[in-house]
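One file, data.txt, carrying compact mmCIF, C-alpha atoms:
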```txt
# COMPACT_ATOMS: atom_id res chain seq x y z
CA MET A 8 -24.29 -56.74 146.22
CA ASP A 9 -24.17 -59.16 143.28
CA SER A 10 -20.62 -60.14 142.24
CA GLY A 11 -21.32 -58.85 138.71
CA GLU A 12 -22.27 -55.42 140.05
CA ARG A 13 -19.00 -54.69 141.86
CA ASN A 14 -17.07 -51.62 140.83
CA ASN A 15 -20.05 -50.21 138.89
CA GLU A 16 -19.97 -53.09 136.43
CA ALA A 17 -23.16 -54.37 134.85
CA ALA A 18 -24.09 -57.92 135.72
CA VAL A 19 -23.27 -60.40 132.97
CA THR A 20 -25.88 -63.01 132.18
CA ARG A 21 -24.37 -66.46 131.87
CA TRP A 22 -25.44 -68.64 128.99
CA ALA A 23 -24.32 -71.73 127.18
CA PRO A 24 -25.72 -73.82 124.35
CA SER A 25 -25.29 -76.94 126.46
CA THR A 26 -28.58 -78.62 127.29
CA ILE A 27 -27.26 -81.25 129.68
CA TYR A 28 -25.02 -79.14 131.91
CA PRO A 29 -25.88 -75.44 131.70
CA ASP A 30 -22.49 -74.42 133.07
CA MET A 31 -20.56 -76.25 130.33
CA TRP A 32 -19.46 -74.86 126.98
CA VAL A 33 -21.09 -77.60 124.92
CA ASP A 34 -22.78 -80.89 125.64
CA PRO A 35 -20.15 -83.61 126.19
CA ASP A 36 -21.27 -85.52 123.08
CA ASP A 37 -20.84 -82.35 120.96
CA ASP A 38 -17.39 -81.41 122.21
CA PRO A 39 -15.09 -81.51 119.16
CA ARG A 40 -12.06 -81.91 121.40
CA GLU A 41 -13.21 -85.35 122.48
CA THR A 42 -12.37 -88.04 119.95
CA GLU A 43 -12.32 -91.80 119.86
CA VAL A 44 -8.61 -91.69 119.04
CA GLU A 45 -6.65 -93.75 121.53
CA THR A 46 -3.17 -92.46 122.15
CA VAL A 47 -0.72 -95.32 122.50
CA ASP A 48 2.63 -93.59 122.67
CA GLU A 49 4.35 -90.44 123.83
CA ARG A 50 4.17 -88.66 120.46
CA GLY A 51 0.45 -89.37 120.09
CA THR A 52 -0.27 -88.22 123.62
CA LEU A 53 1.65 -84.95 123.23
CA LEU A 54 0.20 -84.15 119.82
CA GLU A 55 -3.33 -84.92 121.03
CA SER A 56 -2.81 -82.56 123.97
CA LEU A 57 -1.58 -79.83 121.64
CA ARG A 58 -4.60 -80.37 119.35
CA HIS A 59 -6.96 -80.22 122.33
CA PHE A 60 -5.63 -76.90 123.61
CA ARG A 61 -5.47 -75.32 120.15
CA LEU A 62 -9.11 -76.25 119.61
CA THR A 63 -10.01 -74.84 123.02
CA ILE A 64 -8.59 -71.45 121.99
CA GLU A 65 -10.77 -71.55 118.86
CA MET A 66 -13.87 -72.56 120.82
CA LYS A 67 -13.42 -69.65 123.23
CA CYS A 68 -13.65 -67.21 120.33
CA VAL A 69 -16.66 -68.68 118.51
CA GLY A 70 -19.37 -66.17 117.66
CA LEU A 71 -17.46 -63.01 118.58
CA ASP A 72 -17.19 -59.94 116.38
CA ALA A 73 -14.03 -57.86 115.91
CA GLU A 74 -14.85 -55.52 118.80
CA GLN A 75 -15.42 -58.42 121.19
CA MET A 76 -12.28 -60.22 120.02
CA ALA A 77 -10.20 -57.08 120.62
CA ARG A 78 -11.85 -56.14 123.91
CA ARG A 79 -9.34 -55.83 126.71
CA SER A 80 -11.45 -57.31 129.40
CA VAL A 81 -9.16 -57.12 132.40
CA PRO A 82 -7.63 -53.60 132.65
CA PRO A 83 -4.85 -52.62 132.90
CA SER A 84 -3.82 -55.74 131.00
CA THR A 85 -3.61 -55.47 127.22
CA MET A 86 -4.76 -59.08 126.94
CA SER A 87 -7.69 -59.79 124.62
CA LEU A 88 -8.85 -62.89 122.80
CA LEU A 89 -7.60 -61.40 119.53
CA GLY A 90 -4.26 -60.64 121.15
CA LEU A 91 -4.20 -64.19 122.44
CA VAL A 92 -4.67 -65.62 118.94
CA ARG A 93 -1.87 -63.36 117.68
CA HIS A 94 0.30 -64.31 120.67
CA MET A 95 -0.17 -68.02 120.01
CA ALA A 96 0.77 -67.56 116.34
CA GLU A 97 3.91 -65.85 117.59
CA ASP A 98 4.42 -68.70 120.06
CA GLU A 99 4.18 -71.33 117.34
CA ARG A 100 7.19 -69.66 115.73
CA HIS A 101 8.94 -69.33 119.09
CA PHE A 102 8.54 -73.10 119.55
CA ARG A 103 10.28 -73.71 116.25
CA ARG A 104 13.03 -71.17 117.04
CA MET A 105 13.72 -73.01 120.30
CA ALA A 106 13.98 -76.23 118.27
CA GLY A 107 16.51 -74.67 115.93
CA GLU A 108 14.45 -73.23 113.05
CA ASP A 109 15.03 -69.71 111.78
CA SER A 110 11.52 -68.30 112.30
CA PRO A 111 11.39 -64.50 112.46
CA ARG A 112 8.82 -62.81 114.65
CA ILE A 113 5.43 -61.91 113.21
CA TYR A 114 4.09 -59.13 115.41
CA ARG A 115 6.74 -58.36 118.02
CA THR A 116 9.51 -55.93 117.24
CA ALA A 117 12.44 -54.45 119.13
CA GLU A 118 10.34 -51.29 119.49
CA ASP A 119 7.18 -53.12 120.56
CA ARG A 120 7.87 -56.35 122.41
CA ASP A 121 4.11 -56.67 123.00
CA GLY A 122 3.11 -56.09 119.37
CA ASP A 123 1.03 -59.27 119.40
CA TRP A 124 -1.18 -57.77 122.12
CA ASN A 125 -0.88 -54.08 121.24
CA GLY A 126 -1.78 -54.60 117.58
CA ALA A 127 -4.98 -56.47 118.45
CA ILE A 128 -7.43 -53.80 117.32
CA ALA A 129 -11.14 -54.08 116.56
CA ASP A 130 -10.81 -54.44 112.81
CA PRO A 131 -12.29 -57.43 110.96
CA ALA A 132 -9.22 -57.54 108.69
CA VAL A 133 -6.93 -57.77 111.74
CA VAL A 134 -9.07 -60.60 113.15
CA GLU A 135 -9.06 -62.46 109.83
CA ASP A 136 -5.29 -62.05 109.50
CA ALA A 137 -4.72 -63.28 113.07
CA TRP A 138 -6.72 -66.46 112.48
CA ARG A 139 -5.03 -67.06 109.12
CA GLN A 140 -1.59 -66.52 110.64
CA TRP A 141 -2.29 -68.74 113.65
CA ARG A 142 -3.65 -71.58 111.53
CA GLU A 143 -0.72 -71.33 109.13
CA GLU A 144 1.82 -71.32 111.96
CA SER A 145 0.10 -74.28 113.64
CA GLU A 146 0.28 -76.27 110.40
CA VAL A 147 3.96 -75.39 109.93
CA THR A 148 4.67 -76.52 113.51
CA ASP A 149 2.84 -79.79 112.91
CA ARG A 150 4.92 -80.46 109.78
CA PHE A 151 8.07 -79.46 111.68
CA ILE A 152 7.34 -81.96 114.46
CA ALA A 153 6.46 -84.67 111.94
CA GLY A 154 9.95 -84.29 110.50
CA PHE A 155 11.48 -85.80 113.65
CA ALA A 156 11.30 -89.52 114.26
CA ASP A 157 12.68 -89.11 117.79
CA LEU A 158 11.24 -86.52 120.18
CA GLY A 159 14.40 -86.90 122.26
CA MET A 160 16.44 -85.35 119.46
CA ARG A 161 18.12 -82.10 120.38
CA THR A 162 18.16 -79.60 117.52
CA GLY A 163 18.07 -76.35 119.44
CA GLU A 164 17.85 -75.28 123.06
CA ALA A 165 16.50 -78.58 124.39
CA PRO A 166 15.23 -81.96 123.22
CA LEU A 167 12.13 -81.58 121.04
CA ARG A 168 10.05 -83.40 123.68
CA GLU A 169 10.80 -80.72 126.30
CA ILE A 170 10.04 -77.90 123.89
CA LEU A 171 6.76 -79.57 122.88
CA VAL A 172 5.74 -79.99 126.53
CA ALA A 173 6.53 -76.29 127.11
CA GLN A 174 4.36 -75.39 124.09
CA ILE A 175 1.47 -77.47 125.46
CA ALA A 176 1.87 -75.78 128.85
CA GLU A 177 1.79 -72.35 127.16
CA TYR A 178 -1.46 -73.24 125.41
CA ALA A 179 -2.98 -74.65 128.60
CA ARG A 180 -2.07 -71.50 130.54
CA HIS A 181 -3.60 -69.27 127.90
CA CYS A 182 -6.75 -71.42 127.72
CA GLY A 183 -7.33 -70.36 131.33
CA HIS A 184 -6.92 -66.73 130.31
CA ALA A 185 -9.33 -67.31 127.41
CA ASP A 186 -11.92 -68.71 129.84
CA LEU A 187 -11.84 -65.51 131.88
CA LEU A 188 -11.69 -63.19 128.88
CA ARG A 189 -14.72 -64.83 127.27
CA GLU A 190 -16.69 -64.83 130.49
CA ARG A 191 -16.08 -61.08 130.86
CA ILE A 192 -17.36 -60.48 127.33
CA ASP A 193 -20.66 -62.33 127.42
CA GLY A 194 -20.79 -64.60 130.45
CA ARG A 195 -20.13 -67.74 128.45
CA VAL A 196 -18.21 -70.32 130.44
CA GLY A 197 -16.65 -73.59 129.44
CA GLN A 198 -15.27 -76.84 130.60
```

Rewrite the structure from the file as C-alpha cells, please.
Amino acid sequence: MDSGERNNEAAVTRWAPSTIYPDMWVDPDDDPRETEVETVDERGTLLESLRHFRLTIEMKCVGLDAEQMARRSVPPSTMSLLGLVRHMAEDERHFRRMAGEDSPRIYRTAEDRDGDWNGAIADPAVVEDAWRQWREESEVTDRFIAGFADLGMRTGEAPLREILVAQIAEYARHCGHADLLRERIDGRVGQ
C-alpha cells in the first residue's frame, strides 16, 4: 500500500517549482530567505533569524486560496495555515507583552483561548485580515526591538535577548508545522 493511500486517503502528488532539486521549495538561487547580508553581531544574527522564519511562514502559504489556508489538515487538531498566521500575529503581541508592553490579545478571549485557530475560517476576508494583522504586528515588533540599544535590558519577564530567542524558537517550531500542513494540502515540500 502506498503511504498516501493509508486510511482511505487519496495519494498526494508532490511538486515543486525547483528545477535543480525537485524536493526543494525553490531553487537555492531563488530563495528569498538567503541574502548576502553578513551578520556581525548578536542583534544582527537574531533579527536575521527572525526574518528568515517569518519569510518561511509566508512561503509556505504562497498560492493557496481561502479554503486551502483554512483547511485543518491533521484532525483532530484545529491547526491550519490560516490559523498559524493568526497565531503568529497573536504571538508577536505576546512577545511584546513579555517584554513589558501593554498589547491586548487580537483573537484569543477568555471564552475562546484558541480563537486564533478556531476563527480561521475559509473566507477571503478572514485570510486578508490575518495577513494584514500579522504583517502589522511584525512591523510593530521590529520597531519595538529597535527601540532597545541593549538586548540584555530587562523590561518585562526576562531580558529582551531571551524573549527574542523564544520568539525565534516559536517561529521555527511553527515552520515545521507549516511544512506538514502544506504537504497535506498539495504535496508541496520545502527546505

For A:Asp109, the nearest of the candidates A:Ala132, A:Thr162, A:Phe60, A:Ser145, counting only C-alpha atoms: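 Of the candidates, the smallest distance to A:Asp109 is held by A:Thr162.
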
Proximity to A:Glu43 - best of A:Ala156, A:Asp149, A:Glu55, A:Asp98, only C-alpha atoms: A:Glu55

Listed atoms of stretch 84-90 of chain A, axis-aligned box, 5 Å per side: centre and edge lengths to one decimal in Å, as JSON?
```
{"center_x": -6.2, "center_y": -59.2, "center_z": 125.3, "size_x": 15.2, "size_y": 17.4, "size_z": 21.5}
```

Option closest in space to A:Glu49, from A:Val147, A:Glu169, A:Gln75, A:Asn125 [counting all atoms listed in the file]: A:Glu169

Shortest interatomic distance to A:Gly183 - which of A:Val69, A:Leu88, A:Ile113, A:Pro82, counting only C-alpha atoms: A:Leu88

Atom CA of A:Ala96 to atom CA of A:Met66, straight-line distance in Å: 16.1 Å

Interatomic distance, atom CA of A:Glu143 to atom CA of A:Arg168 (Å, one decimal):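 Distance reported for this atom pair: 21.8 Å.
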
Top pick for closest residue to A:Gln174, considering A:Arg195, A:Arg139, A:Arg103, A:Arg189 and counting only C-alpha atoms: A:Arg103

Gap from atom CA of A:Asp119 to atom CA of A:Met86 - Å, one decimal: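 Atom CA of A:Met86 lies 14.8 Å from atom CA of A:Asp119.
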
Within 12 Å of A:Arg180 using only C-alpha atoms, minus same-chain residues under 3 positions, as a VMD selection string: chain A and resid 60 to 61 63 to 64 91 95 173 to 177 183 to 187

Sphere at (5.5, -91.5, 117.0), radius 9 Å, counting only C-alpha atoms: residues as a list of chain:residue names: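 It turns out the residues near that spot are A:Asp48, A:Glu49, A:Arg50, A:Gly51, A:Ala153, A:Phe155, A:Ala156, A:Asp157, A:Leu158.
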